[in-house]
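Listing of target.csv; format and content: CSV, C-alpha atoms.
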chain,number,residue,atom,x,y,z
T,1,MET,CA,-77.0,198.8,104.0
T,2,PRO,CA,-75.9,202.3,105.1
T,3,ARG,CA,-77.7,205.3,103.6
T,4,THR,CA,-75.9,207.2,100.9
T,5,ALA,CA,-75.3,210.9,101.6
T,6,ARG,CA,-77.9,213.2,100.2
T,7,VAL,CA,-76.7,216.0,97.9
T,8,ALA,CA,-78.9,219.0,98.7
T,9,PRO,CA,-77.1,222.3,98.1
T,10,ASN,CA,-79.1,225.5,98.7
T,11,GLU,CA,-80.6,227.7,95.9
T,12,TYR,CA,-81.7,224.7,93.8
T,13,VAL,CA,-85.1,223.4,92.8
T,14,TYR,CA,-86.1,220.0,94.1
T,15,HIS,CA,-88.8,217.5,93.3
T,16,ILE,CA,-89.7,215.9,96.6
T,17,LEU,CA,-91.6,212.6,97.1
T,18,THR,CA,-92.8,211.5,100.5
T,19,ARG,CA,-94.8,208.3,101.0
T,20,GLY,CA,-96.8,207.0,103.9
T,21,ASN,CA,-95.3,204.0,105.6
T,22,ASN,CA,-96.1,200.8,103.7
T,23,ARG,CA,-98.1,203.2,101.3
T,24,GLN,CA,-100.7,203.7,104.0
T,25,ALA,CA,-103.1,206.6,103.7
T,26,VAL,CA,-101.7,209.9,105.0
T,27,PHE,CA,-104.9,211.9,104.2
T,28,LYS,CA,-108.3,210.6,105.2
T,29,ASP,CA,-110.6,213.6,104.6
T,30,ASN,CA,-110.6,217.2,103.6
T,31,GLN,CA,-109.5,218.4,107.0
T,32,ASP,CA,-106.2,216.4,106.6
T,33,TYR,CA,-105.5,218.0,103.2
T,34,LYS,CA,-106.2,221.4,104.5
T,35,LYS,CA,-104.0,220.8,107.6
T,36,TYR,CA,-101.0,219.8,105.4
T,37,ILE,CA,-101.4,222.9,103.3
T,38,GLU,CA,-101.6,225.0,106.5
T,39,ILE,CA,-98.3,223.4,107.6
T,40,LEU,CA,-96.7,224.1,104.2
T,41,GLN,CA,-97.6,227.7,104.5
T,42,ARG,CA,-96.2,227.9,108.0
T,43,TYR,CA,-92.8,226.4,107.0
T,44,LYS,CA,-92.7,228.5,103.8
T,45,GLU,CA,-92.8,231.6,106.1
T,46,LYS,CA,-90.2,230.2,108.4
T,47,TYR,CA,-87.7,228.8,105.9
T,48,LYS,CA,-88.3,231.2,102.9
T,49,PHE,CA,-88.5,228.5,100.2
T,50,ASN,CA,-90.5,228.8,97.0
T,51,LEU,CA,-93.1,226.2,96.2
T,52,TYR,CA,-93.7,225.9,92.5
T,53,HIS,CA,-95.8,222.8,92.1
T,54,TYR,CA,-97.4,220.3,94.4
T,55,VAL,CA,-100.0,217.5,94.6
T,56,LEU,CA,-101.4,215.8,97.7
T,57,MET,CA,-102.4,212.2,97.0
T,58,MET,CA,-104.1,209.9,99.4
T,59,ASN,CA,-100.9,208.1,100.4
T,60,HIS,CA,-98.1,210.3,99.2
T,61,VAL,CA,-97.0,213.9,98.5
T,62,HIS,CA,-95.1,215.6,95.6
T,63,LEU,CA,-93.5,219.0,96.1
T,64,VAL,CA,-91.4,221.0,93.7
T,65,LEU,CA,-89.7,223.6,95.8
T,66,GLU,CA,-86.7,225.9,95.6
T,67,THR,CA,-84.5,226.6,98.6
T,68,THR,CA,-83.1,230.2,98.9
T,69,GLU,CA,-79.9,231.8,100.1
T,70,LYS,CA,-81.5,233.3,103.2
T,71,GLY,CA,-83.8,230.3,103.9
T,72,GLY,CA,-83.5,226.9,105.5
T,73,LYS,CA,-81.7,223.9,104.1
T,74,LEU,CA,-83.8,221.2,102.4
T,75,SER,CA,-83.3,218.8,105.3
T,76,GLU,CA,-84.6,221.4,107.8
T,77,ILE,CA,-87.6,222.2,105.6
T,78,MET,CA,-88.7,218.6,105.1
T,79,LYS,CA,-88.0,217.6,108.7
T,80,GLY,CA,-90.2,220.4,109.9
T,81,ILE,CA,-93.1,219.6,107.5
T,82,ASN,CA,-93.0,215.9,107.9
T,83,LEU,CA,-92.7,215.9,111.7
T,84,SER,CA,-95.4,218.5,112.1
T,85,TYR,CA,-97.9,216.7,109.9
T,86,ALA,CA,-97.1,213.3,111.4
T,87,GLN,CA,-97.7,214.6,114.9
T,88,TYR,CA,-101.1,216.1,113.8
T,89,PHE,CA,-102.1,212.8,112.2
T,90,LYS,CA,-101.1,210.7,115.1
T,91,ASN,CA,-102.9,212.9,117.6
T,92,ARG,CA,-106.1,213.0,115.5
T,93,TYR,CA,-106.3,209.2,114.7
T,94,ARG,CA,-104.3,207.8,117.6
T,95,HIS,CA,-101.9,206.3,115.1
T,96,ILE,CA,-99.0,204.3,116.5
T,97,GLY,CA,-95.7,203.5,114.7
T,98,HIS,CA,-93.9,204.8,111.7
T,99,PHE,CA,-95.9,207.3,109.7
T,100,TRP,CA,-93.7,208.2,106.7
T,101,GLN,CA,-91.8,205.6,104.7
T,102,ASP,CA,-88.1,205.9,105.1
T,103,ARG,CA,-86.5,209.2,103.9
T,104,TYR,CA,-88.2,211.5,101.5
T,105,LYS,CA,-86.9,211.2,97.9
T,106,SER,CA,-85.4,214.3,96.3
T,107,ILE,CA,-84.3,215.1,92.7
T,108,ILE,CA,-82.5,218.2,91.7
T,109,ILE,CA,-84.3,220.0,88.9
T,110,SER,CA,-82.8,222.6,86.5
T,111,LYS,CA,-84.7,225.8,86.5
T,112,ASP,CA,-85.7,225.8,82.8
T,113,ASP,CA,-88.0,223.7,80.5
T,114,TYR,CA,-87.3,220.7,82.8
T,115,LEU,CA,-89.0,222.5,85.6
T,116,LEU,CA,-92.1,222.8,83.5
T,117,ALA,CA,-92.0,219.1,82.6
T,118,CYS,CA,-91.5,218.1,86.2
T,119,GLY,CA,-94.5,220.3,87.2
T,120,SER,CA,-96.6,218.5,84.6
T,121,TYR,CA,-95.6,215.1,86.0
T,122,VAL,CA,-96.6,216.2,89.5
T,123,GLU,CA,-99.9,217.7,88.6
T,124,LEU,CA,-100.9,214.8,86.4
T,125,ASN,CA,-100.6,212.3,89.3
T,126,PRO,CA,-104.4,212.2,89.9
T,127,VAL,CA,-105.0,211.5,86.2
T,128,ARG,CA,-102.3,208.8,86.2
T,129,ALA,CA,-104.0,207.2,89.3
T,130,LYS,CA,-107.4,207.4,87.5
T,131,ILE,CA,-108.9,209.5,90.2
T,132,VAL,CA,-110.0,212.1,87.7
T,133,GLU,CA,-109.9,212.4,83.9
T,134,ASP,CA,-108.9,216.1,83.9
T,135,PRO,CA,-106.4,217.6,86.4
T,136,ARG,CA,-108.8,220.5,86.8
T,137,GLU,CA,-111.2,218.2,88.8
T,138,TYR,CA,-108.6,217.6,91.5
T,139,ASN,CA,-108.6,220.1,94.4
T,140,TRP,CA,-105.3,219.3,96.0
T,141,SER,CA,-102.7,220.4,93.5
T,142,SER,CA,-101.2,223.5,92.0
T,143,TYR,CA,-102.7,222.8,88.5
T,144,ASN,CA,-105.6,225.2,88.7
T,145,THR,CA,-103.4,228.1,89.9
T,146,TYR,CA,-101.4,227.9,86.6
T,147,ALA,CA,-104.1,226.7,84.3
T,148,TYR,CA,-107.1,228.8,85.4
T,149,GLY,CA,-105.7,231.5,87.8
T,150,ARG,CA,-107.2,230.1,91.0
T,151,LYS,CA,-106.1,232.0,94.0
T,152,ASP,CA,-103.6,229.9,95.9
T,153,TYR,CA,-101.6,231.4,98.7
T,154,ILE,CA,-98.9,228.6,98.8
T,155,THR,CA,-97.9,228.4,95.1
T,156,ASP,CA,-95.2,230.6,93.7
T,157,ARG,CA,-95.5,230.9,89.9
T,158,HIS,CA,-92.1,230.5,88.3
T,159,LEU,CA,-90.5,232.4,85.5
T,160,ILE,CA,-90.7,229.5,83.0
T,161,TYR,CA,-94.4,229.7,83.2
T,162,GLU,CA,-94.5,233.5,83.0
T,163,GLU,CA,-92.5,233.3,79.8
T,164,LEU,CA,-95.1,231.3,77.9
T,165,SER,CA,-96.9,234.5,76.9
T,166,LYS,CA,-97.2,238.1,78.0
T,167,ASP,CA,-101.0,237.8,78.0
T,168,GLU,CA,-102.4,236.0,81.1
T,169,SER,CA,-105.2,234.3,79.3
T,170,ALA,CA,-103.0,233.0,76.5
T,171,ARG,CA,-100.4,231.9,79.1
T,172,ARG,CA,-103.0,229.8,81.0
T,173,ARG,CA,-104.3,228.3,77.7
T,174,LYS,CA,-100.7,227.3,76.6
T,175,TYR,CA,-100.1,225.8,80.0
T,176,ARG,CA,-103.3,223.7,79.8
T,177,GLU,CA,-102.3,222.5,76.3
T,178,PHE,CA,-98.8,221.6,77.5
T,179,ILE,CA,-100.1,219.6,80.5
T,180,MET,CA,-102.6,217.7,78.4
T,181,GLY,CA,-99.9,217.1,75.7
T,182,MET,CA,-97.6,215.6,78.4
T,183,LEU,CA,-100.2,212.9,79.1
T,184,ARG,CA,-98.6,211.0,76.2
T,185,GLU,CA,-95.3,211.2,78.1
T,186,ARG,CA,-96.6,210.1,81.5
T,187,ASP,CA,-95.1,206.6,81.5
T,188,SER,CA,-91.7,207.7,80.3
T,189,MET,CA,-91.7,210.6,82.8
T,190,ARG,CA,-92.6,208.3,85.6
T,191,GLY,CA,-89.6,206.2,84.7
T,192,GLU,CA,-87.3,209.2,84.7
T,193,MET,CA,-88.6,210.5,88.1
T,194,ASN,CA,-88.3,207.0,89.7
T,195,ARG,CA,-84.6,206.6,88.9
T,196,ARG,CA,-83.0,210.0,88.7
T,197,VAL,CA,-81.2,212.1,91.2
T,198,VAL,CA,-80.8,215.0,88.8
T,199,TYR,CA,-83.2,216.1,86.0
T,200,GLY,CA,-82.2,218.7,83.5
T,201,SER,CA,-80.1,219.6,80.5
T,202,ASP,CA,-76.8,218.0,79.7
T,203,ASP,CA,-75.0,221.2,80.7
T,204,PHE,CA,-76.8,221.2,84.0
T,205,ILE,CA,-76.0,217.6,84.7
T,206,ASP,CA,-72.3,218.1,83.7
T,207,LYS,CA,-72.1,221.0,86.2
T,208,LEU,CA,-73.4,218.9,89.0
T,209,THR,CA,-71.4,215.8,88.0
T,210,VAL,CA,-68.2,217.8,88.4
T,211,GLN,CA,-69.2,219.6,91.6
T,212,TYR,CA,-71.1,216.9,93.5
T,213,LYS,CA,-70.1,213.7,91.6
T,214,ILE,CA,-73.6,213.0,90.3
T,215,GLY,CA,-74.2,211.6,86.9
T,216,ALA,CA,-77.3,211.1,84.8
T,217,VAL,CA,-78.5,211.1,81.1
T,218,ILE,CA,-81.8,212.9,80.4
T,219,LYS,CA,-83.5,213.1,77.1
T,220,THR,CA,-84.7,216.5,75.8
T,221,ILE,CA,-88.2,217.4,76.9
T,222,GLY,CA,-90.5,219.6,74.8
T,223,ARG,CA,-92.4,222.7,76.0
T,224,PRO,CA,-95.2,224.8,74.8
T,225,ARG,CA,-94.4,227.4,72.1
T,226,LYS,CA,-93.8,231.0,73.4
T,227,ASP,CA,-95.4,233.9,71.6
T,228,ASN,CA,-95.4,237.7,71.9
T,229,ASN,CA,-99.0,238.1,73.1

What is this structure when it is put down as structure tokens?
Amino acid sequence: MPRTARVAPNEYVYHILTRGNNRQAVFKDNQDYKKYIEILQRYKEKYKFNLYHYVLMMNHVHLVLETTEKGGKLSEIMKGINLSYAQYFKNRYRHIGHFWQDRYKSIIISKDDYLLACGSYVELNPVRAKIVEDPREYNWSSYNTYAYGRKDYITDRHLIYEELSKDESARRRKYREFIMGMLRERDSMRGEMNRRVVYGSDDFIDKLTVQYKIGAVIKTIGRPRKDNN
């Protein structure tokens, strides 16, 4: 069956999923995780995209990134990252054959509460996989940057997070509460992420439906309460 054309206009936020071929491990030790992050940083500088959330799992990667007007196209960004890391892995482990499974999957995300919900889905992957009980315990994600202020040179904190509170400490607390609250939604969120090509409000979906002939129906997602602190 021929592949369908991918809709990937610039200046949108995308949730990206890339799996190892046949779900094989793409990270075997800490050096591999660090190398992938190094590659992410290099291509961020080259293609000027914003990386809002990420998690590196043993056999797959989730990225939530935004392409920019002056940066590269999504296809260029992902081709560069995936080829660069695959080459590193093959050289280190003398791996032969396909490394990544087919094309990466991409979902267009509206830059509002849905971005926060998508970020929670990404950062809760280690909990969902029963690797850790608290996302704070997992080193290879953006969670601790938002929830605890960890210094992270690849994560760009987005405006939806900044709007949770004017006070940094309160903002981090509200983010932690939101993420843990989303644990109850993890199964339904997984279903949404598995079958959608667009994730956002009805207005956002209507706009893309008209412009790019994409259709979807998304239920309203909650978010943490904002305050004036």

Region 85-189 of chain T near region 47-61 of chain T within 8 Å: what's each residue's closest atom pair and its distance in Å to one decimal, counting only C-alpha atoms, ordered by chain then ascending residue number, as JSON lines?
{"residue": "T:Gly119", "atom": "CA", "partner": "T:His53", "partner_atom": "CA", "distance": 5.7}
{"residue": "T:Val122", "atom": "CA", "partner": "T:Val55", "partner_atom": "CA", "distance": 6.3}
{"residue": "T:Glu123", "atom": "CA", "partner": "T:Val55", "partner_atom": "CA", "distance": 6.0}
{"residue": "T:Asn125", "atom": "CA", "partner": "T:Val55", "partner_atom": "CA", "distance": 7.4}
{"residue": "T:Pro126", "atom": "CA", "partner": "T:Met57", "partner_atom": "CA", "distance": 7.4}
{"residue": "T:Trp140", "atom": "CA", "partner": "T:Leu56", "partner_atom": "CA", "distance": 5.5}
{"residue": "T:Ser141", "atom": "CA", "partner": "T:Val55", "partner_atom": "CA", "distance": 4.1}
{"residue": "T:Ser142", "atom": "CA", "partner": "T:His53", "partner_atom": "CA", "distance": 5.4}
{"residue": "T:Tyr143", "atom": "CA", "partner": "T:His53", "partner_atom": "CA", "distance": 7.8}
{"residue": "T:Ile154", "atom": "CA", "partner": "T:Leu51", "partner_atom": "CA", "distance": 6.8}
{"residue": "T:Thr155", "atom": "CA", "partner": "T:Leu51", "partner_atom": "CA", "distance": 5.4}
{"residue": "T:Asp156", "atom": "CA", "partner": "T:Tyr52", "partner_atom": "CA", "distance": 5.1}
{"residue": "T:Arg157", "atom": "CA", "partner": "T:Tyr52", "partner_atom": "CA", "distance": 5.9}
{"residue": "T:His158", "atom": "CA", "partner": "T:Tyr52", "partner_atom": "CA", "distance": 6.4}

Q: Rank nothing, just name the residue among T:Ile16, T:Ala170, T:Val127, T:Ile81 nearest to Ala147 (chain T), using all atoms listed in the file.
A: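 Closest candidate: T:Ala170.
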
Of the residues T:Ser110, T:Gln24, T:Ser84, T:Ser75, which is the one nearest to Arg42 (chain T), using all atoms listed in the file?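 Checking each candidate against Arg42 (chain T), we get T:Ser84 as the closest.
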
Have a look at CA of Phe204 (chain T) and CA of Ile109 (chain T) and let me know their distance in Å, one decimal.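 Calculated distance between CA of Phe204 (chain T) and CA of Ile109 (chain T) is 9.0 Å.
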
Separating CA of Arg103 (chain T) from CA of Tyr212 (chain T), to the nearest tenth of an Å, is a gap of 20.1 Å

Across T:Ile107, T:Leu116, T:Glu69, T:Glu76, the smallest distance to Leu164 (chain T), with all atoms listed in the file counted, is shown by T:Leu116

Margin query: For a quick check of understanding, using all atoms listed in the file, which of T:Trp100, T:Tyr161, T:Tyr153, T:Phe89 has the smallest distance to Asp112 (chain T)?
Written below: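 So, comparing all the options, the nearest one is T:Tyr161.
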
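Nearest-residue note for Tyr12 (chain T): choosing from T:Ser120, T:Gln31, T:Asn91, T:Thr67, the minimum distance belongs to T:Thr67, counting all atoms listed in the file.
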
- Task: Have a look at T:Tyr14, T:Tyr199, T:Phe99, T:Tyr85 and name the one nearest to His62 (chain T); count all atoms listed in the file.
- Result: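 The closest residue to His62 (chain T) is T:Tyr14.
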
**Prompt:** Please, what distance in Å, to one decimal, runs between CA of Asn21 (chain T) and CA of Asp102 (chain T)?
**Reply:**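 Here the two named atoms are 7.5 Å from each other.
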